[in-house]
Amino acid sequence: MTLPVVVGVDGSDPALLAVDWAVDEAVRHGCPLRLVHSSLWERYEEGLPSLGRERPREHVLAEHIVASAAERAERRNPDVKISTDIVPQDAVDALVRAGDDAFALVTGSRGRSRLKGLLLGSVGLAVAGRAHCPVVVVRGDRAGLAGTHERILLGLGEADTCAEAVRFAFREAEARGCTLDVVRAWRRPALDRSGEGTPAEEPADAHEERASALLDALLKAATAEHPHVRVRPAALEGPAGRALTDRSAAADLVILGARRRAGHLGLQLGRVSHTVLHHAACPVAVVPQRA
């Protein structure tokens, strides 16, 4: 059974852009597309007596939202198999649960909230921090959304957070036939209170060499498995969030790994993921690594 690309729809413009991106992703990987709209009207209606009234306004709106999204998806590519669901849950719970049987979850950068000043909506952030499948937050400028750079950017963190992200990135690059840029950021050790550097004040070259060695080690297996993917690794000095955000302007997708700890119910996103999700100039994929 081929898992679907699941996209959350709420009638907002960012959600419609997410539908477009999700259709293209489904085509690239030969997946069906599942459109999910969360609505609590069913839950509330269960507790009310039936008075022979017409369907509630919320029901009609929900049906209109999913029908419009399905029509848009079909116009973009009529060959994609599309299914729709109206789920009686809040948006985050509905999407996280849908992600348990998904190739990837796709959300817009913001929903229908009136807080237009937010860089990233609460639903996208929460889903990226909780789901157990890859989550793509569709955001960025026109070139990044259109995928015209023919370049994917993978940010490598610690070894225990990125194995799944590496596999996802190579599959994406191969499906798109594009270049895969891989960045590992490094920083010089901070000075201690006496003003002296940490262990023997190692030269910068030593830190860069360690970062490069880690890049080679983490990419070795995937490079052998996907020999046709052009990989460009780079060890860069400085904050990882800034490096990835700056380079996102020339990328079609930024991919990050994230650790998922069993029994931890809160958001499981690091500082780098937060920075990139809020400021990237293209869509961002957060790929969880289960402990």
# chains A, B, ... in the order shown; residues from 1 in each chain; ligands from 1
>>> select_by_dssp(residues="range 120-204 of chain A", states="strand (DSSP E or B)", output="short mmCIF file (atom, residue, chain, number, x, y, z; two decimals) with C-alpha atoms, in the first residue's frame")
data_model
loop_
_atom_site.label_atom_id
_atom_site.label_comp_id
_atom_site.auth_asym_id
_atom_site.auth_seq_id
_atom_site.Cartn_x
_atom_site.Cartn_y
_atom_site.Cartn_z
CA VAL A 135 6.25 17.53 7.84
CA VAL A 136 6.55 20.15 5.11
CA VAL A 137 5.58 23.73 5.92
CA VAL A 138 4.95 25.49 2.62
CA ARG A 151 18.45 22.67 -5.55
CA ILE A 152 17.61 21.10 -2.18
CA LEU A 153 19.32 22.13 1.05
CA LEU A 154 19.91 19.63 3.86
CA GLY A 155 21.05 20.88 7.25
CA THR A 179 21.45 19.07 -6.73
CA LEU A 180 21.60 18.33 -3.02
CA ASP A 181 23.51 20.89 -0.95
CA VAL A 182 24.42 19.59 2.52
CA VAL A 183 25.50 21.99 5.25
CA ARG A 184 27.12 21.21 8.58
CA ALA A 185 27.72 24.34 10.67
CA TRP A 186 30.54 24.54 13.20
#
>>> residues_around(residues="range 171-177 of chain A", least_positions_apart="6", cutoff="8 Å", atoms="only C-alpha atoms", output="PyMOL selection string")
chain A and resi 28-29+150-152+226+228-229
>>> write_last_selection(atoms="N, CA and C atoms", output="PDB file, in the first residue's frame")
ATOM      1  N   ARG A  28       5.576  13.421  -7.899  1.00  0.00           N
ATOM      2  CA  ARG A  28       6.989  13.030  -7.908  1.00  0.00           C
ATOM      3  C   ARG A  28       7.207  11.635  -7.341  1.00  0.00           C
ATOM      4  N   HIS A  29       6.426  11.271  -6.333  1.00  0.00           N
ATOM      5  CA  HIS A  29       6.682  10.010  -5.628  1.00  0.00           C
ATOM      6  C   HIS A  29       5.612   8.945  -5.903  1.00  0.00           C
ATOM      7  N   GLU A 150      16.131  24.246  -8.627  1.00  0.00           N
ATOM      8  CA  GLU A 150      16.667  22.905  -8.871  1.00  0.00           C
ATOM      9  C   GLU A 150      17.773  22.557  -7.867  1.00  0.00           C
ATOM     10  N   ARG A 151      17.474  22.877  -6.612  1.00  0.00           N
ATOM     11  CA  ARG A 151      18.455  22.672  -5.548  1.00  0.00           C
ATOM     12  C   ARG A 151      17.706  22.409  -4.236  1.00  0.00           C
ATOM     13  N   ILE A 152      18.140  21.405  -3.507  1.00  0.00           N
ATOM     14  CA  ILE A 152      17.614  21.097  -2.183  1.00  0.00           C
ATOM     15  C   ILE A 152      18.724  21.328  -1.170  1.00  0.00           C
ATOM     16  N   HIS A 226      22.330   6.210  -3.760  1.00  0.00           N
ATOM     17  CA  HIS A 226      21.784   7.121  -4.789  1.00  0.00           C
ATOM     18  C   HIS A 226      22.951   7.733  -5.570  1.00  0.00           C
ATOM     19  N   HIS A 228      23.356   8.700  -8.515  1.00  0.00           N
ATOM     20  CA  HIS A 228      23.083   9.715  -9.535  1.00  0.00           C
ATOM     21  C   HIS A 228      22.763  11.082  -8.938  1.00  0.00           C
ATOM     22  N   VAL A 229      22.655  11.160  -7.622  1.00  0.00           N
ATOM     23  CA  VAL A 229      22.372  12.447  -6.984  1.00  0.00           C
ATOM     24  C   VAL A 229      23.677  13.227  -6.835  1.00  0.00           C
TER      25      VAL A 229
END
>>> atom_distance(atom1="CA of Ser39 in chain A", atom2="CA of Val27 in chain A")
27.9 Å
>>> closest_residue(among="A:Arg167, A:Lys81, A:Arg57, A:Arg139", to="Pro14 in chain A", atoms="only C-alpha atoms")
A:Arg139
>>> atom_distance(atom1="CA of Ala15 in chain A", atom2="CA of Val276 in chain A")
19.3 Å
>>> residues_around(residues="Asp216 in chain A", least_positions_apart="3", cutoff="12 Å", atoms="only C-alpha atoms", output="PDB file with C-alpha atoms, in the first residue's frame")
ATOM      1  CA  LEU A 156      22.918  18.222   9.229  1.00  0.00           C
ATOM      2  CA  ALA A 159      24.341  12.200  14.246  1.00  0.00           C
ATOM      3  CA  VAL A 166      19.403  12.176   5.027  1.00  0.00           C
ATOM      4  CA  VAL A 182      24.424  19.594   2.521  1.00  0.00           C
ATOM      5  CA  VAL A 183      25.501  21.995   5.251  1.00  0.00           C
ATOM      6  CA  ARG A 184      27.119  21.215   8.584  1.00  0.00           C
ATOM      7  CA  GLU A 209      37.974  19.114   9.535  1.00  0.00           C
ATOM      8  CA  ARG A 210      35.827  17.399  12.171  1.00  0.00           C
ATOM      9  CA  ALA A 211      32.682  18.886  10.635  1.00  0.00           C
ATOM     10  CA  SER A 212      33.767  17.706   7.178  1.00  0.00           C
ATOM     11  CA  ALA A 213      34.546  14.229   8.491  1.00  0.00           C
ATOM     12  CA  LEU A 219      26.364  10.818   3.824  1.00  0.00           C
ATOM     13  CA  LYS A 220      28.406   7.751   2.861  1.00  0.00           C
ATOM     14  CA  ALA A 221      25.617   5.151   2.802  1.00  0.00           C
ATOM     15  CA  ALA A 222      23.053   7.388   1.100  1.00  0.00           C
ATOM     16  CA  THR A 223      25.565   8.518  -1.520  1.00  0.00           C
ATOM     17  CA  ALA A 224      26.271   4.880  -2.415  1.00  0.00           C
ATOM     18  CA  VAL A 231      25.907  16.145  -3.631  1.00  0.00           C
ATOM     19  CA  ARG A 232      27.710  19.304  -2.560  1.00  0.00           C
ATOM     20  CA  PRO A 233      28.741  19.113   1.121  1.00  0.00           C
ATOM     21  CA  ALA A 234      29.952  22.205   2.960  1.00  0.00           C
ATOM     22  CA  ALA A 235      31.249  22.758   6.494  1.00  0.00           C
TER      23      ALA A 235
END
>>> residues_around(residues="range 280-287 of chain A", least_positions_apart="3", cutoff="7 Å", atoms="only C-alpha atoms", output="VMD selection string")
chain A and resid 128 133 to 141 144 to 145 164 to 165 245 248 to 249 251 to 258 276 to 277
>>> closest_residue(among="A:Leu16, A:Leu269, A:Met1, A:Ala217", to="Arg130 in chain A", atoms="only C-alpha atoms")
A:Leu269
>>> closest_residue(among="A:Asp246, A:Asp85, A:Glu225, A:Asp79", to="Val6 in chain A", atoms="only C-alpha atoms")
A:Asp85
>>> closest_residue(among="A:Arg247, A:Arg76, A:Arg110, A:Arg188", to="Ala126 in chain A", atoms="only C-alpha atoms")
A:Arg110
>>> closest_residue(among="A:Asp101, A:Asp10, A:Asp24, A:Glu158", to="Val87 in chain A", atoms="only C-alpha atoms")
A:Asp10
